[in-house]
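K.L.:
Mind having a look at this structure? Questions to follow.
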Amino acid sequence: MHVTETTTIPDLVGEFLTWHFDRNPGTAAMLGSPAHDRTLGDFSAAALAEQEREAGVWLERFADVRTDDLEESVDRDLIVSVLRGVRAKAAWPVWRRDPSTYTSAVLYPLFTAFLHRLRPEPELVDSVIARLAEVPAVLAHAERNLDPELAAPKIVERAAAQAGTGRAFLTGTLPAEVADPDLRARLAEAAEPAAAAFDRFAAFLAEFKHQARGDWRMGEALYSQLLQEQEVLGYGAGELHERGKAAYTELELQMKRLAGTDDWHSVMVALQDDHPPTPEAMRAEYEAETLRARAFLVERGLVTLADGEECRVVPSPTFQRPVLSVASYMSPAPLTNGRVGHFFVPWPPDGFTAEQTEQRLRTNSRAQLATIAVHEAYPGHHWHLSWLAAQDRPVRKVFRTPYFSEGWALYAEKLLREHGYFSAEQVGDERKARAQELAHVEARLFRAARMIVDTALHCGDMTVEQAEEFMTTKASLTPGTAQGEVTRYCAWPTQAPSYLTGALEIDKIRDEFTGTQREFHDRLAGSGALPLGLARRVALGR
């Protein structure tokens, strides 16, 4: 790594981002850096270990610089928090544990190339072909890097399901995105060796699963270290668990009151009987709810909309379906002028039985659609990230923590409830309004359940089977969705508690803010998706 004598924070930040993009070109391309869209990067063990070492050098450099400028100091502290996280996780290297580190590093950059379309089609196809040529090497490195002593069978099995979607995605989905028949044929031809590499990798993982002897549990010490050093929270896993239990107790009382019975769970299960009949009907109803939420925002003047923003409601990508069982969102490339985001509806994977598809649809019942659309679109993820993309702090567009972004989206759900969004006046029907409000509170209770379950799983206090039972009996997930959710928690420690943790912290910041709600929303959400301690400083100007 070339080190200069740069000492001003803006120059140092710019130098760091150049290094980060060069070491992570797939991520850089997804963010909108055209200089990095022809390579997936070096995934050799030597390169990944060297990147961890260089991150330590950067941490020392940023720790040594000071400034009295609030915005510059927040930029510096954001990078420091990221690098402290890298340092902490070096003792628990995901690139030796989780095969999806490699499959995702291939699939997402290729998918977003056509999603964002930042180049004319001939150039876009050339850039994708260049990256397809690297796929066999990336997956070969994965086979060499994965350590059976560290990798857990459950996480390997999850990644194998994603790897199994590779061929169809590369040889079917990608070429179908190309309009010109000659270019389409070129891309299809280039995709075949990459697809064959995915076939080999899926077969490798099927065998590797039986060799894997690792534990997916992160452990309380590292979990707490990440909360404190990377997320800049003032507490660790134990307190987070207790906060989740306290929030759950409070929210369950609300559920009983709204349901008119202590057995609110049965009421929610009954509401799931009313669901869209097909995946496409589910998508269409989510689209209608997304438009309703946007119109409500405009009417109430709760936020400022970014120029040119648009939220498209589409099926989730094929490779995402086996590993994510709930709705999700992908932002516009924030380093570009694009403001089009994508709300991914949780499509059933190919091969799902009729019963499994029914469970997926039940977990997206008509009572639940409204609050989920608010979370994913307006004024949740889409509004936040399209608004952030219009701001001018590049480093805050690159590094985003779910403790803010997911916390913001859950805060958005509560905000609209406060303004009557789930009322009969807005919904047009008393029974439907009651169902939507009940589902809204249950969605928040579900996030409290995540706080409890994720900390208990990774601190060794709960088994997978106990976690799945908890999510079906203490929340309203169907058994199939609960299984997918808990597997996600095992593979992605500390993420699941981010929703309610962040929302509660944002509530506290709003209580201290002196200004209108619109000013608060524009300022806080426009500041980034910062660790909550840094977000507080920006919002309150201190």
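To be explicit about the labels: the chains of the structure tokens are called A, B, and onward in the order shown, and within each one the residues are counted from 1, while ligands get numbers from 1 in the order they are shown.
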Can you tell me which residues surround Glu280 in chain A at a distance of at most 10 Å, considering only C-alpha atoms, apart from same-chain residues fewer than 6 positions away, and format the answer as a PyMOL selection string?

P.N.:
chain A and resi 286+314-315+345+347

K.L.:
Those same residues - C-alpha atoms - I'd like them written as a JSON list (two decimals), in the first residue's frame.

P.N.:
```
[["chain", "number", "residue", "atom", "x", "y", "z"],
["A", 286, "TYR", "CA", -47.06, -4.21, -2.86],
["A", 314, "VAL", "CA", -40.12, -6.12, -8.75],
["A", 315, "PRO", "CA", -39.55, -9.84, -8.00],
["A", 345, "VAL", "CA", -40.77, -8.74, -3.39],
["A", 347, "TRP", "CA", -40.42, -14.44, -4.65]]
```

K.L.:
Find the spatial neighbours of Arg444 in chain A, counting only C-alpha atoms, within a cut-off of 10 Å - ignore same-chain residues fewer than 2 positions away - and output them as a PDB file with N, CA and C atoms, in the first residue's frame.

P.N.:
```pdb
ATOM      1  N   ALA A 247     -38.448  -4.574  25.272  1.00  0.00           N
ATOM      2  CA  ALA A 247     -39.260  -4.071  24.156  1.00  0.00           C
ATOM      3  C   ALA A 247     -40.341  -5.070  23.784  1.00  0.00           C
ATOM      4  N   TYR A 248     -39.990  -6.352  23.792  1.00  0.00           N
ATOM      5  CA  TYR A 248     -40.974  -7.379  23.450  1.00  0.00           C
ATOM      6  C   TYR A 248     -42.144  -7.359  24.430  1.00  0.00           C
ATOM      7  N   LEU A 251     -44.377  -4.358  23.690  1.00  0.00           N
ATOM      8  CA  LEU A 251     -45.101  -4.501  22.425  1.00  0.00           C
ATOM      9  C   LEU A 251     -46.158  -5.601  22.502  1.00  0.00           C
ATOM     10  N   GLU A 252     -45.891  -6.644  23.273  1.00  0.00           N
ATOM     11  CA  GLU A 252     -46.886  -7.694  23.407  1.00  0.00           C
ATOM     12  C   GLU A 252     -48.130  -7.177  24.110  1.00  0.00           C
ATOM     13  N   THR A 371     -47.399  -1.965   6.079  1.00  0.00           N
ATOM     14  CA  THR A 371     -46.250  -1.557   6.892  1.00  0.00           C
ATOM     15  C   THR A 371     -44.939  -1.998   6.244  1.00  0.00           C
ATOM     16  N   LEU A 410     -37.612   1.196  10.246  1.00  0.00           N
ATOM     17  CA  LEU A 410     -38.583   0.840  11.277  1.00  0.00           C
ATOM     18  C   LEU A 410     -39.142   2.105  11.943  1.00  0.00           C
ATOM     19  N   TYR A 411     -38.294   3.097  12.131  1.00  0.00           N
ATOM     20  CA  TYR A 411     -38.775   4.401  12.613  1.00  0.00           C
ATOM     21  C   TYR A 411     -39.820   4.959  11.653  1.00  0.00           C
ATOM     22  N   GLU A 413     -41.959   3.367   9.847  1.00  0.00           N
ATOM     23  CA  GLU A 413     -43.247   2.706  10.068  1.00  0.00           C
ATOM     24  C   GLU A 413     -44.000   3.369  11.226  1.00  0.00           C
ATOM     25  N   LYS A 414     -43.282   3.612  12.317  1.00  0.00           N
ATOM     26  CA  LYS A 414     -43.913   4.235  13.485  1.00  0.00           C
ATOM     27  C   LYS A 414     -44.327   5.671  13.180  1.00  0.00           C
ATOM     28  N   ALA A 439     -50.920  -5.574  12.407  1.00  0.00           N
ATOM     29  CA  ALA A 439     -49.752  -6.094  11.694  1.00  0.00           C
ATOM     30  C   ALA A 439     -48.561  -5.155  11.840  1.00  0.00           C
ATOM     31  N   HIS A 440     -48.819  -3.856  11.879  1.00  0.00           N
ATOM     32  CA  HIS A 440     -47.742  -2.885  12.076  1.00  0.00           C
ATOM     33  C   HIS A 440     -47.058  -3.105  13.425  1.00  0.00           C
ATOM     34  N   VAL A 441     -47.854  -3.242  14.484  1.00  0.00           N
ATOM     35  CA  VAL A 441     -47.256  -3.455  15.810  1.00  0.00           C
ATOM     36  C   VAL A 441     -46.564  -4.811  15.862  1.00  0.00           C
ATOM     37  N   GLU A 442     -47.165  -5.818  15.219  1.00  0.00           N
ATOM     38  CA  GLU A 442     -46.531  -7.139  15.207  1.00  0.00           C
ATOM     39  C   GLU A 442     -45.194  -7.111  14.479  1.00  0.00           C
ATOM     40  N   PHE A 446     -41.861  -8.354  16.061  1.00  0.00           N
ATOM     41  CA  PHE A 446     -40.983  -9.281  15.340  1.00  0.00           C
ATOM     42  C   PHE A 446     -39.529  -8.827  15.436  1.00  0.00           C
ATOM     43  N   ARG A 447     -39.297  -7.503  15.332  1.00  0.00           N
ATOM     44  CA  ARG A 447     -37.924  -6.992  15.437  1.00  0.00           C
ATOM     45  C   ARG A 447     -37.381  -7.124  16.856  1.00  0.00           C
ATOM     46  N   ALA A 448     -38.253  -7.005  17.863  1.00  0.00           N
ATOM     47  CA  ALA A 448     -37.813  -7.265  19.233  1.00  0.00           C
ATOM     48  C   ALA A 448     -37.449  -8.740  19.401  1.00  0.00           C
ATOM     49  N   ALA A 449     -38.240  -9.618  18.765  1.00  0.00           N
ATOM     50  CA  ALA A 449     -37.919 -11.049  18.809  1.00  0.00           C
ATOM     51  C   ALA A 449     -36.562 -11.314  18.167  1.00  0.00           C
ATOM     52  N   ARG A 450     -36.254 -10.599  17.099  1.00  0.00           N
ATOM     53  CA  ARG A 450     -34.940 -10.758  16.473  1.00  0.00           C
ATOM     54  C   ARG A 450     -33.809 -10.382  17.433  1.00  0.00           C
ATOM     55  N   ALA A 475     -43.558 -14.631  17.430  1.00  0.00           N
ATOM     56  CA  ALA A 475     -43.865 -13.727  16.312  1.00  0.00           C
ATOM     57  C   ALA A 475     -44.823 -14.501  15.418  1.00  0.00           C
ATOM     58  N   TYR A 499     -32.671  -3.427  13.548  1.00  0.00           N
ATOM     59  CA  TYR A 499     -33.910  -2.726  13.216  1.00  0.00           C
ATOM     60  C   TYR A 499     -34.470  -1.946  14.413  1.00  0.00           C
ATOM     61  N   LEU A 500     -34.847  -2.672  15.449  1.00  0.00           N
ATOM     62  CA  LEU A 500     -35.476  -2.007  16.587  1.00  0.00           C
ATOM     63  C   LEU A 500     -34.450  -1.237  17.408  1.00  0.00           C
ATOM     64  N   ALA A 503     -34.136   2.028  15.599  1.00  0.00           N
ATOM     65  CA  ALA A 503     -35.362   2.829  15.680  1.00  0.00           C
ATOM     66  C   ALA A 503     -35.501   3.489  17.044  1.00  0.00           C
TER      67      ALA A 503
END
```

K.L.:
Pick out the closest residue to Arg417 in chain A from this set: A:Ala293, A:Leu271, A:Ile155, A:Leu504. Count only C-alpha atoms.

P.N.:
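Once distances to Arg417 in chain A are computed over only C-alpha atoms, the minimum belongs to A:Ala293.
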
K.L.:
Select, from A:Gly533, A:Gly526, A:Pro279, A:Gly26, the residue with the minimum atom-to-atom distance to Thr304 in chain A, counting only C-alpha atoms.

P.N.:
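Under the stated criterion, the closest residue is A:Gly526.
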
K.L.:
Report, in Å to a single decimal, how far apart CA of Phe319 in chain A and CA of Ser365 in chain A are.

P.N.:
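Interatomic distance, CA of Ser365 in chain A to CA of Phe319 in chain A: 23.8 Å.
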
K.L.:
With distances taken over only C-alpha atoms, which of A:Asp180, A:Leu174, A:Asp461, A:Val86 is nearest to Glu192 in chain A?

P.N.:
A:Leu174

K.L.:
Find the distance between CA of Ala159 in chain A and CA of Ser100 in chain A and write it in Å to one decimal.

P.N.:
5.0 Å

K.L.:
Could you tell me how far CA of Ala456 in chain A sits from CA of His241 in chain A, in Å to one decimal place?

P.N.:
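Straight-line distance from CA of His241 in chain A to CA of Ala456 in chain A works out to 7.4 Å.
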
K.L.:
Fewer than 5 positions away in the same chain doesn't count, so skip those; otherwise give me all residues within 12 Å of Glu285 in chain A, counting only C-alpha atoms, as a list in words.

P.N.:
His275, Pro276, Pro277, Thr278, Pro279, Glu280, Thr290, Leu291, Arg292, Val313, Val314, Val345, Leu361, Asn364, Ser365, Arg366, Ala367, Gln368, Leu369, Ala370, Ile372 and Ala373 of chain A

K.L.:
Those selected residues, please, written with C-alpha atoms and delivered as a PDB file, in the first residue's frame.

P.N.:
```pdb
ATOM      1  CA  HIS A 275     -53.193 -13.015   1.320  1.00  0.00           C
ATOM      2  CA  PRO A 276     -52.511 -12.415  -2.376  1.00  0.00           C
ATOM      3  CA  PRO A 277     -53.231 -15.620  -4.307  1.00  0.00           C
ATOM      4  CA  THR A 278     -50.040 -15.674  -6.400  1.00  0.00           C
ATOM      5  CA  PRO A 279     -46.539 -14.168  -6.294  1.00  0.00           C
ATOM      6  CA  GLU A 280     -47.454 -11.756  -9.110  1.00  0.00           C
ATOM      7  CA  THR A 290     -45.915   1.749  -2.258  1.00  0.00           C
ATOM      8  CA  LEU A 291     -47.756   4.375  -4.311  1.00  0.00           C
ATOM      9  CA  ARG A 292     -50.167   5.004  -1.444  1.00  0.00           C
ATOM     10  CA  VAL A 313     -41.474  -2.932  -7.185  1.00  0.00           C
ATOM     11  CA  VAL A 314     -40.115  -6.122  -8.753  1.00  0.00           C
ATOM     12  CA  VAL A 345     -40.765  -8.738  -3.385  1.00  0.00           C
ATOM     13  CA  LEU A 361     -47.639 -15.712   0.592  1.00  0.00           C
ATOM     14  CA  ASN A 364     -47.003 -11.377   3.165  1.00  0.00           C
ATOM     15  CA  SER A 365     -50.681 -11.144   4.055  1.00  0.00           C
ATOM     16  CA  ARG A 366     -52.800  -8.158   3.087  1.00  0.00           C
ATOM     17  CA  ALA A 367     -52.715  -6.949   6.687  1.00  0.00           C
ATOM     18  CA  GLN A 368     -48.905  -6.856   6.536  1.00  0.00           C
ATOM     19  CA  LEU A 369     -48.363  -5.357   3.075  1.00  0.00           C
ATOM     20  CA  ALA A 370     -48.867  -1.743   4.136  1.00  0.00           C
ATOM     21  CA  ILE A 372     -43.733  -3.568   4.826  1.00  0.00           C
ATOM     22  CA  ALA A 373     -44.138  -1.151   1.887  1.00  0.00           C
TER      23      ALA A 373
END
```

K.L.:
Which is closer to Ala390 in chain A than all the others in A:Met462, A:Val323, A:Met255, A:Ala525, using only C-alpha atoms?

P.N.:
A:Ala525

K.L.:
Ranking A:Arg283, A:Ser498, A:Met30, A:Arg536 by minimum distance to Met330 in chain A and counting only C-alpha atoms, which one comes first?

P.N.:
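Looking at the shortest contact to Met330 in chain A, the residue is A:Met30.
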
K.L.:
Restricting the calculation to only C-alpha atoms: of A:Gly214, A:Gly428, A:Pro332, A:Pro175, which residue gets closest to Ala191 in chain A?

P.N.:
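Looking only at the distances to Ala191 in chain A, the closest residue turns out to be A:Pro175.
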